[in-house]
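Undergrad: Okay, handing you the structure first.
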Amino acid sequence: MPQLLLELLSEEIPARMQAAAARDLERMARERLAAEGLLPEALKAFAGARRLTLVAEGLPEAQKDRSEEVKGPRTSAPEQALEGFLRKNGLAKPDLVEKDGVWFATLSRKGRPTAEIVAEMVPAIVRDFPWPKSMVSGVSKLRWVRPLRRILCVFDGAVVPFNIDGLDSGDVTQGHRFMGSGQPFKAKDFDAYAEKLAKHYVVLDPDERRQRIVADARTLCGARNLELVEDAGLLDEVAGLVEWPVPVLGDMDPAFLDLPPEVIRTSMRVHQRYFAVRNPSTGKLAPHFLAVANIEAKDGGRTIALGNAKVLSARLSDARFFWNEDRKTRLEDRLEKLKGVTFHARLGAMYERVERLEMLAAALAPRVGADVAKATQAARLAKADLGTGVVGEFPELQGVMGGYYAQGEGLSPLVAEAIRDHYKPAGASDEVPDRPVTMAVALADKLDTLTAFFAIDEKPTGSRDPFALRRAALGVIRIVLGSELRVPLREAVADWYKALRCYVDPGRALWVSTPKLTAHLGAAGRAKSREFDAYLREFDEALLDGKPQVVAMDREVDLVFDRLEREKPAGKVLFEFRPYEEVAGDLVAFFADRLAVWLRDRGQRHDLVAAVFALGDDDLVRIVARVSALDAFLKTEDGANLLAGYKRAVNILRAEEKKGALPTGAPVRMAASSSEETALIAAVEALEARLDAALDAEDFAGAMGELAKLRGPVDAFFDKVLVNSDDPEERANRLRLLAKVRDAMGQVADFSRVTG
C-alpha cells in the first residue's frame, strides 16, 4: 500500500525540544489521519538537529465513502433554526427523519484522495505545532522553532503539492551542512531518503546516533586504557546536536584534577557538552575529555581536540579561582548575606528559611534517630553555599560544594554529608539518603518547601507545578518509606507553624490568618473571647506605635486578624499564611495522591490508598503497610466475598438512612433470632478485641486475618436472614448488626472506596 514521507527541514532545532517534537508530529498526524478514516499500518517520526521526518506506511489511496447521521433541531424549534440546519448541510426538508421529536439527517460523503487530505493536513500541523518557543523568520509570518527552509512531502512516490507562507512542498531535501555535497537531492520513498541521507553524512535515527557515539567513544577510550563516564542525559543532548557524530578524545592539564570531580564534570557537561573519562583501575577522573564533533576532520580531530582543550582550560581556570576564593570564608560567615536573598516575596528571605530549617531539623532528628545538634548545624549551613562563587557559576552544584567546604573547615563528616546530600533525591533515579542526620535535613528541606507554599496557597494545579512540589513530596515518600521512618505529616506541618518564630525581626510583623474569630473559638466561651479581644487591642496598639509583633504562639499559632491588612502601618511587611488545619488537610490529601501514583507504578491499586487514607492516618509507613495487607487480603476468596458482603450491608444501611436515622446501640440475641444471626453477632463481638489488639500492634496482616473470619457468618446471614423483617424490633436489631459489621471493617479501611 502507498507510503507517506514528510520532512520539515529548518535551521538548528534545540536538542532539548527534539524528542517531544517527534512525539508531537507523530501524534498530530495520527489524530488527523484517523479523523479522516485513514489508519496507517505503521507510523514513525524522527527528529534531529535540522529536520523532523515522518513516515506512514500502508495508507489507502483514498478514503472510503462515508455515511454519517447528524442531529438537527427539535421538531418544535423555530423555523429559522430548521432552515439554518438545512442550509448548513445542503439539505432539503424531505431529507430529514423525525426521531423522538428531533430531526435527523443522513449525510453521504464521497471519499477523497489521500493526497488531497495530506495537502490539507500538513499545513495545519505546521501552523499548530506546539513548540515551547518559536519565532518568525522575517520573510514570512509562519512561526516555527527556527526558520523553515524546505518541505519534502511525497505520497506513493508523487509530490503532494501545497504551500505554507510562500514555501512550496516538493520531493527535494539536502544532506549535512558541511560534509554533504551541497547539492539538493530527490527522494520518492523512505528507503531511498534514508539511504541518500546517509551518503550525504546524515544519520536520521537518533537511536543510531546515540549508539554510534557510545560505541566509538568506548573504542577511543579503550585504546588508551581509559573508561568513558557515561551520562544518559548528556548523550541525548549531544545526539541532538549533531547529524554525523564523530567522537574526539582530547587532553586537559592534569593540574586541574585537584578540583572536586563534580566541578570538572559539571564544567565539561554544562558549558562544553564533553564527556568525562576516568582511570578504570582507580575509578578517578583522568586528565582527558571526550567531545563529539559534527564532522570528520582530515587530521583525525587533532585540531578540534586542541581547540576544545583551550576552551575547557579557560573554564576550569575560572572554576579554580572561585574554588580558592570560596574557601577563604567560612560557611557560618556567609549566612548574613542570605538576609538579602529573597526566597519568595510572600515567604521572606533565604535567611528566614534557614532558621525554619534549623527548627524543623531539630524537631525531626529524634524521629529519624539523628543527633539533634548535628542535624541542626547541618540545616543551618545547608544553604550557605548559595553565595559562593562556584555555585554562582555552577548552580547544579549547590549542596555538593557546601559539603566540600564543610569538610575543608573540619566539621563533622556527618554534617558535611548532610549538607552535600540534603537536596536528594532530586529525581526518580537519584539516590535516597539513608543516614539519620542527612535524612533529617533532607526531610526538613522538602517539608519546609511543601508547607510554605501550601501555606500561601501556591499549590500545584493540573500540569502547573513551578515550585516542584510534586517532586518534593515524592522525595519525602522515598526517604520515609526507604528507611521506614515514623514521621506523621500533621505533626511535621505543626512543627513548621511553630518555626514561624523565625520571623521575629525589627520592622517586620507576621500575619497568620484564619476564618472568623467566632468560628475559630467555637464554644470556648465569652471569657476566652474577652481575653482575645484584649490581646488584639494590645497588638494593634503596639503595631500602630511602630513596635512589630509576631502573631505566632506555641499555644495557638493561627490567630485571626482579618482587619490587619487595611490597618497595617506604612513600611510594615506582613506575611499572610493559611491556617494550620487547612494546610495540614490539603497536604495530607496531596501526599495521598502522590503516594497513590508512587504505589501504582509499583503495581498497587490507587483505590486501596484512598481507602486507607480515608481513616485519617498520616503515617506513610503505616499507610503502606495497611495498603499491602489490604491488597493481599482482597486477592483471597475470603477477602473478595467479604467485600461483596460489606457493600451489600452498606447499601442496605444507606437506603435506611434516607428514611431516617439508623437505630443505635449494640445488637442483641433475641428469642426469635436465627442461628445465622446469632452466629454473626458472636463473630462481631469476638472480632472487636482481637482486631483492636492487631491494629494497636500494627499487625495489619493479622487484622485482615481476623476480618476473614467474618466471611462465613456474613455469607450465611445474607443467605438465610431477611433484614427488612416485618417485626420492627427484629428489623432494628439486624440493622444494628449490619452497622456493627460496617464499623468493624471500617477500622481497617474504608471499604466503600474499594472498587471491584
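The chains in the C-alpha cells are called A, B, ... from first to last as shown; in each chain the residues are counted from 1, and the ligands are counted from 1 in the order shown.
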Give me, as number ranges by chain, all polymer residues having an atom no more than 10 Å from Ala194 of chain A, counting only C-alpha atoms and skipping those fewer than 6 positions away in the same chain.

TA: A: 187, 200, 202-205

Undergrad: What separation in Å, quoted to one decimal, exists between atom CA of Ala689 of chain A and atom CA of Glu484 of chain A?

TA: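 These two atoms are separated by 27.5 Å.
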
Undergrad: Report as number ranges by chain all protein, DNA and RNA residues lying within 12 Å of Ala492 of chain A, evaluated on only C-alpha atoms, omitting residues in the same chain fewer than 5 positions from it.

TA: A: 357, 359-365, 367, 440, 443-448, 450-452, 476, 486-487, 497-499, 580, 583-584, 587-588, 618-619

Undergrad: Would you pick out the contacts of segment 678-685 of chain A at 12 Å or less, using only C-alpha atoms, so that residues sharing its chain but fewer than 5 positions from it are not included, and give the list as a PyMOL selection string?

TA: chain A and resi 666-673+690-692+706-718+720-721+733-745

Undergrad: Please save N, CA and C atoms of the selected residues as a compact mmCIF listing (two decimals), in the first residue's frame.

TA:
```
# COMPACT_ATOMS: atom_id res chain seq x y z
N ALA A 666 -25.94 -1.64 70.49
CA ALA A 666 -25.37 -2.93 70.09
C ALA A 666 -26.48 -3.92 69.77
N PRO A 667 -26.25 -4.81 68.80
CA PRO A 667 -27.25 -5.85 68.51
C PRO A 667 -27.31 -6.84 69.67
N VAL A 668 -28.47 -7.41 69.87
CA VAL A 668 -28.66 -8.36 70.97
C VAL A 668 -29.20 -9.67 70.42
N ARG A 669 -29.04 -10.73 71.21
CA ARG A 669 -29.59 -12.03 70.84
C ARG A 669 -31.06 -12.07 71.28
N MET A 670 -31.95 -12.16 70.33
CA MET A 670 -33.37 -12.16 70.63
C MET A 670 -33.88 -13.60 70.60
N ALA A 671 -35.01 -13.79 71.24
CA ALA A 671 -35.57 -15.14 71.31
C ALA A 671 -35.83 -15.70 69.92
N ALA A 672 -36.25 -14.80 69.01
CA ALA A 672 -36.60 -15.27 67.66
C ALA A 672 -35.42 -15.23 66.69
N SER A 673 -34.23 -14.89 67.21
CA SER A 673 -33.07 -14.78 66.31
C SER A 673 -32.71 -16.13 65.72
N ARG A 690 -9.90 -8.74 69.37
CA ARG A 690 -8.75 -9.23 68.60
C ARG A 690 -8.33 -8.23 67.54
N LEU A 691 -9.31 -7.56 66.92
CA LEU A 691 -8.99 -6.58 65.89
C LEU A 691 -8.27 -5.37 66.50
N ASP A 692 -8.74 -4.91 67.65
CA ASP A 692 -8.08 -3.78 68.31
C ASP A 692 -6.64 -4.13 68.66
N GLU A 706 -8.23 -11.58 60.93
CA GLU A 706 -9.40 -11.53 61.80
C GLU A 706 -10.65 -11.19 61.02
N LEU A 707 -10.53 -10.24 60.09
CA LEU A 707 -11.69 -9.90 59.25
C LEU A 707 -12.16 -11.09 58.43
N ALA A 708 -11.18 -11.90 57.99
CA ALA A 708 -11.53 -13.05 57.15
C ALA A 708 -12.49 -14.00 57.87
N LYS A 709 -12.41 -14.00 59.21
CA LYS A 709 -13.30 -14.88 59.98
C LYS A 709 -14.76 -14.45 59.89
N LEU A 710 -15.00 -13.22 59.46
CA LEU A 710 -16.37 -12.75 59.29
C LEU A 710 -17.01 -13.28 58.01
N ARG A 711 -16.19 -13.72 57.08
CA ARG A 711 -16.72 -14.06 55.76
C ARG A 711 -17.84 -15.10 55.83
N GLY A 712 -17.61 -16.23 56.57
CA GLY A 712 -18.62 -17.28 56.65
C GLY A 712 -19.90 -16.80 57.31
N PRO A 713 -19.82 -16.18 58.52
CA PRO A 713 -21.05 -15.69 59.15
C PRO A 713 -21.79 -14.64 58.33
N VAL A 714 -21.07 -13.76 57.64
CA VAL A 714 -21.73 -12.74 56.82
C VAL A 714 -22.45 -13.39 55.65
N ASP A 715 -21.79 -14.34 54.97
CA ASP A 715 -22.42 -15.03 53.84
C ASP A 715 -23.69 -15.76 54.30
N ALA A 716 -23.57 -16.45 55.42
CA ALA A 716 -24.72 -17.20 55.92
C ALA A 716 -25.87 -16.27 56.33
N PHE A 717 -25.53 -15.14 56.93
CA PHE A 717 -26.54 -14.18 57.34
C PHE A 717 -27.34 -13.69 56.13
N PHE A 718 -26.65 -13.25 55.10
CA PHE A 718 -27.36 -12.73 53.93
C PHE A 718 -28.10 -13.83 53.17
N LYS A 720 -29.61 -16.49 54.64
CA LYS A 720 -30.74 -17.06 55.37
C LYS A 720 -31.63 -16.03 56.08
N VAL A 721 -31.11 -14.82 56.30
CA VAL A 721 -31.82 -13.86 57.15
C VAL A 721 -32.39 -12.72 56.31
N ASN A 733 -32.78 -4.55 65.12
CA ASN A 733 -31.64 -5.30 65.64
C ASN A 733 -30.71 -5.73 64.52
N ARG A 734 -31.30 -6.12 63.40
CA ARG A 734 -30.48 -6.56 62.27
C ARG A 734 -29.77 -5.38 61.61
N LEU A 735 -30.40 -4.23 61.59
CA LEU A 735 -29.72 -3.03 61.08
C LEU A 735 -28.55 -2.65 61.99
N ARG A 736 -28.76 -2.78 63.32
CA ARG A 736 -27.65 -2.51 64.24
C ARG A 736 -26.50 -3.49 64.01
N LEU A 737 -26.84 -4.72 63.70
CA LEU A 737 -25.81 -5.73 63.44
C LEU A 737 -25.01 -5.40 62.18
N LEU A 738 -25.71 -5.00 61.12
CA LEU A 738 -25.00 -4.62 59.88
C LEU A 738 -24.13 -3.40 60.11
N ALA A 739 -24.62 -2.44 60.91
CA ALA A 739 -23.81 -1.26 61.22
C ALA A 739 -22.56 -1.66 61.99
N LYS A 740 -22.70 -2.69 62.86
CA LYS A 740 -21.56 -3.17 63.62
C LYS A 740 -20.52 -3.80 62.70
N VAL A 741 -20.98 -4.56 61.73
CA VAL A 741 -20.07 -5.16 60.74
C VAL A 741 -19.36 -4.07 59.95
N ARG A 742 -20.13 -3.09 59.48
CA ARG A 742 -19.54 -1.97 58.73
C ARG A 742 -18.49 -1.25 59.56
N ASP A 743 -18.80 -0.94 60.81
CA ASP A 743 -17.88 -0.18 61.65
C ASP A 743 -16.62 -0.98 61.97
N ALA A 744 -16.79 -2.28 62.19
CA ALA A 744 -15.62 -3.12 62.48
C ALA A 744 -14.67 -3.14 61.29
N MET A 745 -15.21 -3.34 60.11
CA MET A 745 -14.37 -3.35 58.91
C MET A 745 -13.80 -1.97 58.64
```

Undergrad: What parts of segment 32-112 of chain A does DSSP call strand (DSSP E or B)? I'd like the answer as a PyMOL selection string.

TA: chain A and resi 42-47+51-57+62+66-74+97-99+102-109

Undergrad: I need the residues in segment 575-641 of chain A that are alpha helix (DSSP H) according to DSSP; give them as a compact mmCIF listing (two decimals) with N, CA, C and O atoms, in the first residue's frame.

TA:
```txt
# COMPACT_ATOMS: atom_id res chain seq x y z
N TYR A 580 -3.43 26.51 60.04
CA TYR A 580 -2.78 25.20 60.14
C TYR A 580 -3.69 24.07 59.68
O TYR A 580 -3.28 23.20 58.89
N GLU A 581 -4.92 24.03 60.16
CA GLU A 581 -5.80 22.90 59.86
C GLU A 581 -6.04 22.76 58.36
O GLU A 581 -6.07 21.66 57.82
N GLU A 582 -6.23 23.90 57.69
CA GLU A 582 -6.45 23.86 56.23
C GLU A 582 -5.22 23.32 55.52
O GLU A 582 -5.31 22.47 54.63
N VAL A 583 -4.06 23.85 55.89
CA VAL A 583 -2.82 23.45 55.22
C VAL A 583 -2.52 21.98 55.49
O VAL A 583 -2.15 21.23 54.57
N ALA A 584 -2.68 21.56 56.74
CA ALA A 584 -2.42 20.15 57.07
C ALA A 584 -3.35 19.24 56.29
O ALA A 584 -2.91 18.22 55.73
N GLY A 585 -4.62 19.58 56.21
CA GLY A 585 -5.56 18.76 55.46
C GLY A 585 -5.21 18.68 53.98
O GLY A 585 -5.25 17.61 53.37
N ASP A 586 -4.87 19.83 53.40
CA ASP A 586 -4.51 19.86 51.98
C ASP A 586 -3.24 19.06 51.70
O ASP A 586 -3.13 18.36 50.69
N LEU A 587 -2.27 19.17 52.60
CA LEU A 587 -1.01 18.45 52.39
C LEU A 587 -1.19 16.95 52.51
O LEU A 587 -0.60 16.18 51.74
N VAL A 588 -1.99 16.51 53.48
CA VAL A 588 -2.24 15.08 53.61
C VAL A 588 -2.93 14.54 52.35
O VAL A 588 -2.58 13.47 51.84
N ALA A 589 -3.89 15.29 51.83
CA ALA A 589 -4.56 14.88 50.58
C ALA A 589 -3.58 14.85 49.42
O ALA A 589 -3.63 13.97 48.56
N PHE A 590 -2.68 15.84 49.39
CA PHE A 590 -1.67 15.90 48.33
C PHE A 590 -0.75 14.69 48.41
O PHE A 590 -0.41 14.07 47.38
N PHE A 591 -0.33 14.32 49.62
CA PHE A 591 0.52 13.15 49.78
C PHE A 591 -0.24 11.87 49.42
O PHE A 591 0.36 10.93 48.88
N ALA A 592 -1.52 11.83 49.70
CA ALA A 592 -2.31 10.66 49.31
C ALA A 592 -2.27 10.47 47.80
O ALA A 592 -2.09 9.35 47.30
N ASP A 593 -2.40 11.56 47.07
CA ASP A 593 -2.36 11.49 45.61
C ASP A 593 -0.99 11.06 45.12
O ASP A 593 -0.86 10.20 44.25
N ARG A 594 0.07 11.65 45.70
CA ARG A 594 1.43 11.31 45.29
C ARG A 594 1.77 9.86 45.65
O ARG A 594 2.43 9.16 44.88
N LEU A 595 1.33 9.43 46.83
CA LEU A 595 1.60 8.05 47.25
C LEU A 595 0.86 7.07 46.35
O LEU A 595 1.39 6.01 46.00
N ALA A 596 -0.36 7.42 45.96
CA ALA A 596 -1.13 6.55 45.06
C ALA A 596 -0.40 6.39 43.73
O ALA A 596 -0.32 5.28 43.18
N VAL A 597 0.16 7.48 43.21
CA VAL A 597 0.92 7.41 41.95
C VAL A 597 2.15 6.54 42.13
O VAL A 597 2.48 5.69 41.29
N TRP A 598 2.86 6.76 43.25
CA TRP A 598 4.09 6.02 43.51
C TRP A 598 3.81 4.53 43.65
O TRP A 598 4.53 3.69 43.10
N LEU A 599 2.75 4.18 44.37
CA LEU A 599 2.41 2.77 44.54
C LEU A 599 1.86 2.15 43.26
O LEU A 599 2.10 0.98 42.97
N ARG A 600 1.13 2.94 42.49
CA ARG A 600 0.61 2.43 41.22
C ARG A 600 1.75 2.03 40.30
O ARG A 600 1.67 1.01 39.60
N HIS A 606 -4.64 2.23 43.22
CA HIS A 606 -4.82 3.56 43.80
C HIS A 606 -6.03 3.63 44.73
O HIS A 606 -6.06 4.41 45.68
N ASP A 607 -7.06 2.81 44.46
CA ASP A 607 -8.24 2.87 45.30
C ASP A 607 -7.97 2.37 46.72
O ASP A 607 -8.61 2.81 47.68
N LEU A 608 -6.98 1.49 46.87
CA LEU A 608 -6.64 1.00 48.19
C LEU A 608 -5.96 2.09 49.02
O LEU A 608 -6.15 2.17 50.23
N VAL A 609 -5.16 2.92 48.35
CA VAL A 609 -4.54 4.06 49.05
C VAL A 609 -5.64 5.00 49.55
O VAL A 609 -5.60 5.46 50.70
N ALA A 610 -6.62 5.27 48.72
CA ALA A 610 -7.73 6.15 49.13
C ALA A 610 -8.50 5.53 50.29
O ALA A 610 -8.91 6.23 51.23
N ALA A 611 -8.68 4.22 50.26
CA ALA A 611 -9.43 3.54 51.32
C ALA A 611 -8.70 3.64 52.66
O ALA A 611 -9.34 3.76 53.71
N VAL A 612 -7.38 3.61 52.64
CA VAL A 612 -6.60 3.70 53.89
C VAL A 612 -6.48 5.15 54.34
O VAL A 612 -6.63 5.46 55.53
N PHE A 613 -6.19 6.06 53.43
CA PHE A 613 -6.08 7.48 53.79
C PHE A 613 -7.38 8.02 54.38
O PHE A 613 -7.37 8.95 55.18
N LEU A 620 3.08 7.57 56.78
CA LEU A 620 3.24 6.93 55.48
C LEU A 620 3.63 5.47 55.59
O LEU A 620 3.18 4.63 54.80
N VAL A 621 4.49 5.14 56.55
CA VAL A 621 4.91 3.75 56.72
C VAL A 621 3.72 2.88 57.09
O VAL A 621 3.51 1.79 56.55
N ARG A 622 2.92 3.37 58.03
CA ARG A 622 1.74 2.61 58.46
C ARG A 622 0.73 2.49 57.32
O ARG A 622 0.09 1.45 57.14
N ILE A 623 0.59 3.56 56.55
CA ILE A 623 -0.36 3.54 55.43
C ILE A 623 0.03 2.49 54.41
O ILE A 623 -0.81 1.71 53.94
N VAL A 624 1.30 2.45 54.05
CA VAL A 624 1.75 1.48 53.04
C VAL A 624 1.61 0.06 53.57
O VAL A 624 1.23 -0.86 52.82
N ALA A 625 1.88 -0.14 54.86
CA ALA A 625 1.69 -1.47 55.44
C ALA A 625 0.22 -1.88 55.38
O ALA A 625 -0.11 -3.04 55.05
N ARG A 626 -0.67 -0.95 55.67
CA ARG A 626 -2.11 -1.24 55.57
C ARG A 626 -2.50 -1.58 54.13
O ARG A 626 -3.27 -2.52 53.89
N VAL A 627 -1.99 -0.79 53.19
CA VAL A 627 -2.34 -1.00 51.78
C VAL A 627 -1.87 -2.38 51.32
O VAL A 627 -2.60 -3.11 50.64
N SER A 628 -0.64 -2.74 51.69
CA SER A 628 -0.10 -4.05 51.28
C SER A 628 -0.93 -5.18 51.86
O SER A 628 -1.26 -6.16 51.17
N ALA A 629 -1.29 -5.05 53.15
CA ALA A 629 -2.09 -6.10 53.78
C ALA A 629 -3.49 -6.16 53.17
O ALA A 629 -4.04 -7.25 52.94
N LEU A 630 -4.07 -5.00 52.88
CA LEU A 630 -5.40 -4.95 52.28
C LEU A 630 -5.38 -5.55 50.88
O LEU A 630 -6.29 -6.30 50.49
N ASP A 631 -4.34 -5.24 50.12
CA ASP A 631 -4.22 -5.78 48.76
C ASP A 631 -4.15 -7.31 48.80
O ASP A 631 -4.83 -8.00 48.03
N ALA A 632 -3.31 -7.82 49.70
CA ALA A 632 -3.18 -9.27 49.81
C ALA A 632 -4.50 -9.91 50.25
O ALA A 632 -4.90 -10.98 49.75
N PHE A 633 -5.21 -9.26 51.16
CA PHE A 633 -6.48 -9.79 51.66
C PHE A 633 -7.53 -9.85 50.56
O PHE A 633 -8.24 -10.86 50.40
N LEU A 634 -7.63 -8.79 49.78
CA LEU A 634 -8.67 -8.73 48.75
C LEU A 634 -8.41 -9.69 47.60
O LEU A 634 -9.31 -9.98 46.81
N GLU A 637 -10.08 -15.41 48.34
CA GLU A 637 -11.52 -15.63 48.15
C GLU A 637 -12.31 -15.04 49.31
O GLU A 637 -13.37 -14.44 49.12
N ASP A 638 -11.77 -15.19 50.54
CA ASP A 638 -12.44 -14.62 51.70
C ASP A 638 -12.56 -13.11 51.58
O ASP A 638 -13.60 -12.52 51.87
N GLY A 639 -11.47 -12.48 51.14
CA GLY A 639 -11.48 -11.02 51.01
C GLY A 639 -12.46 -10.54 49.98
O GLY A 639 -13.22 -9.58 50.21
N ALA A 640 -12.47 -11.18 48.81
CA ALA A 640 -13.37 -10.76 47.74
C ALA A 640 -14.83 -10.94 48.15
O ALA A 640 -15.68 -10.06 47.91
N ASN A 641 -15.15 -12.07 48.80
CA ASN A 641 -16.53 -12.32 49.21
C ASN A 641 -16.95 -11.40 50.35
O ASN A 641 -18.10 -10.93 50.40
```

Undergrad: Could you jot down the atom CA of Arg16 of chain A to atom CA of Ala198 of chain A separation for me, Å, one decimal place?

TA: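 Distance between the two atoms: 23.5 Å.
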
Undergrad: From the list A:Val391, A:Ile479, A:Leu469, A:Val372, which residue is nearest Lys424 of chain A when using only C-alpha atoms?

TA: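 Selected residue with least distance to Lys424 of chain A: A:Ile479.
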
Undergrad: List the spatial neighbours of segment 392-395 of chain A as a list in words - criterion: any atom at most 9 Å away, only C-alpha atoms, same-chain residues fewer than 6 positions off excluded.

TA: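 Those residues are Val263, Thr266, Ser267, Val270, Asp318, Ala319, Phe322 and Leu386 of chain A.
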
Undergrad: I need the chosen residues saved as a PDB file, in the first residue's frame, with C-alpha atoms.

TA:
```pdb
ATOM      1  CA  VAL A 263      33.291  20.755  39.328  1.00  0.00           C
ATOM      2  CA  THR A 266      29.894  19.928  35.505  1.00  0.00           C
ATOM      3  CA  SER A 267      32.158  22.315  33.627  1.00  0.00           C
ATOM      4  CA  VAL A 270      27.159  22.160  31.122  1.00  0.00           C
ATOM      5  CA  ASP A 318      37.690  30.231  36.383  1.00  0.00           C
ATOM      6  CA  ALA A 319      36.402  27.351  38.487  1.00  0.00           C
ATOM      7  CA  PHE A 322      36.246  30.547  42.586  1.00  0.00           C
ATOM      8  CA  LEU A 386      24.353  29.656  47.621  1.00  0.00           C
TER       9      LEU A 386
END
```

Undergrad: Just give me the gap between atom CA of Trp144 of chain A and atom CA of Arg273 of chain A in Å, one decimal is fine.

TA: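 Calculated distance between atom CA of Trp144 of chain A and atom CA of Arg273 of chain A is 25.5 Å.
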
Undergrad: Skip Trp131 of chain A itself and residues of its chain fewer than 2 positions away, then list as a VMD selection string all residues within 12 Å of it, counting only C-alpha atoms.

TA: chain A and resid 13 to 14 16 to 25 125 to 129 133 to 135 143 to 146

Undergrad: Would you mind exporting N, CA and C atoms of the selected residues as a short mmCIF file (atom, residue, chain, number, x, y, z; two decimals), in the first residue's frame?

TA:
```cif
data_model
loop_
_atom_site.label_atom_id
_atom_site.label_comp_id
_atom_site.auth_asym_id
_atom_site.auth_seq_id
_atom_site.Cartn_x
_atom_site.Cartn_y
_atom_site.Cartn_z
N ILE A 13 17.43 22.86 15.36
CA ILE A 13 16.38 22.68 16.37
C ILE A 13 17.07 22.40 17.71
N PRO A 14 16.74 23.13 18.78
CA PRO A 14 17.36 22.85 20.08
C PRO A 14 17.20 21.38 20.46
N ARG A 16 16.98 19.90 23.25
CA ARG A 16 16.02 19.59 24.31
C ARG A 16 14.59 19.49 23.80
N MET A 17 14.32 20.02 22.59
CA MET A 17 12.96 20.01 22.05
C MET A 17 12.71 18.87 21.07
N GLN A 18 13.76 18.15 20.69
CA GLN A 18 13.62 17.23 19.57
C GLN A 18 12.75 16.01 19.88
N ALA A 19 12.98 15.38 21.01
CA ALA A 19 12.21 14.16 21.32
C ALA A 19 10.71 14.47 21.40
N ALA A 20 10.37 15.57 22.08
CA ALA A 20 8.96 15.94 22.19
C ALA A 20 8.39 16.31 20.82
N ALA A 21 9.21 16.95 19.99
CA ALA A 21 8.74 17.33 18.65
C ALA A 21 8.40 16.09 17.82
N ALA A 22 9.24 15.06 17.91
CA ALA A 22 8.95 13.82 17.17
C ALA A 22 7.65 13.20 17.66
N ARG A 23 7.46 13.18 18.97
CA ARG A 23 6.21 12.62 19.51
C ARG A 23 5.01 13.45 19.06
N ASP A 24 5.14 14.78 19.10
CA ASP A 24 4.03 15.63 18.70
C ASP A 24 3.69 15.47 17.23
N LEU A 25 4.71 15.36 16.38
CA LEU A 25 4.46 15.19 14.95
C LEU A 25 3.73 13.87 14.71
N ILE A 125 -0.84 21.07 10.57
CA ILE A 125 0.09 20.60 11.60
C ILE A 125 1.21 21.62 11.80
N VAL A 126 1.76 22.10 10.72
CA VAL A 126 2.88 23.06 10.81
C VAL A 126 2.44 24.33 11.54
N ARG A 127 1.28 24.83 11.22
CA ARG A 127 0.82 26.09 11.84
C ARG A 127 0.43 25.90 13.31
N ASP A 128 -0.02 24.69 13.65
CA ASP A 128 -0.48 24.45 15.02
C ASP A 128 0.57 23.74 15.87
N PHE A 129 1.78 23.58 15.37
CA PHE A 129 2.76 22.75 16.06
C PHE A 129 3.10 23.36 17.42
N LYS A 133 8.95 27.17 22.35
CA LYS A 133 9.30 28.52 21.91
C LYS A 133 9.42 28.51 20.40
N SER A 134 8.96 29.57 19.76
CA SER A 134 9.02 29.63 18.30
C SER A 134 9.36 31.04 17.87
N MET A 135 9.57 31.22 16.56
CA MET A 135 9.97 32.52 16.04
C MET A 135 9.45 32.67 14.62
N ARG A 143 5.27 30.89 12.23
CA ARG A 143 6.03 30.68 13.46
C ARG A 143 6.54 29.24 13.48
N TRP A 144 7.83 29.09 13.64
CA TRP A 144 8.44 27.77 13.73
C TRP A 144 9.61 27.89 14.70
N VAL A 145 10.11 26.76 15.17
CA VAL A 145 11.16 26.81 16.18
C VAL A 145 12.39 27.57 15.68
N ARG A 146 12.72 27.37 14.43
CA ARG A 146 13.77 28.10 13.72
C ARG A 146 13.28 28.25 12.28
#
```

Undergrad: For Asp95 of chain A, which residue among A:Gln211, A:Ser313, A:Ser108, A:Ser463 is the nearest when counting only C-alpha atoms?

TA: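 Smallest separation from Asp95 of chain A among the options: A:Ser108.
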
Undergrad: Of the residues A:Leu489, A:Ala255, A:Ala384, A:Leu228, which is the one nearest to Arg320 of chain A, using only C-alpha atoms?

TA: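 Of the candidates, the smallest distance to Arg320 of chain A is held by A:Ala255.
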
Undergrad: Excluding same-chain residues fewer than 3 positions from Asp156 of chain A, what lies within 10 Å of it counting only C-alpha atoms, as an NGL selection string?

TA: :A and (1-5 or 57-61 or 114-115 or 159-160 or 188-189)

Undergrad: Which residue out of A:Val242, A:Leu96, A:Leu643, A:Ala468 has the minimum interatomic distance to Phe178 of chain A when only C-alpha atoms are used?

TA: A:Val242
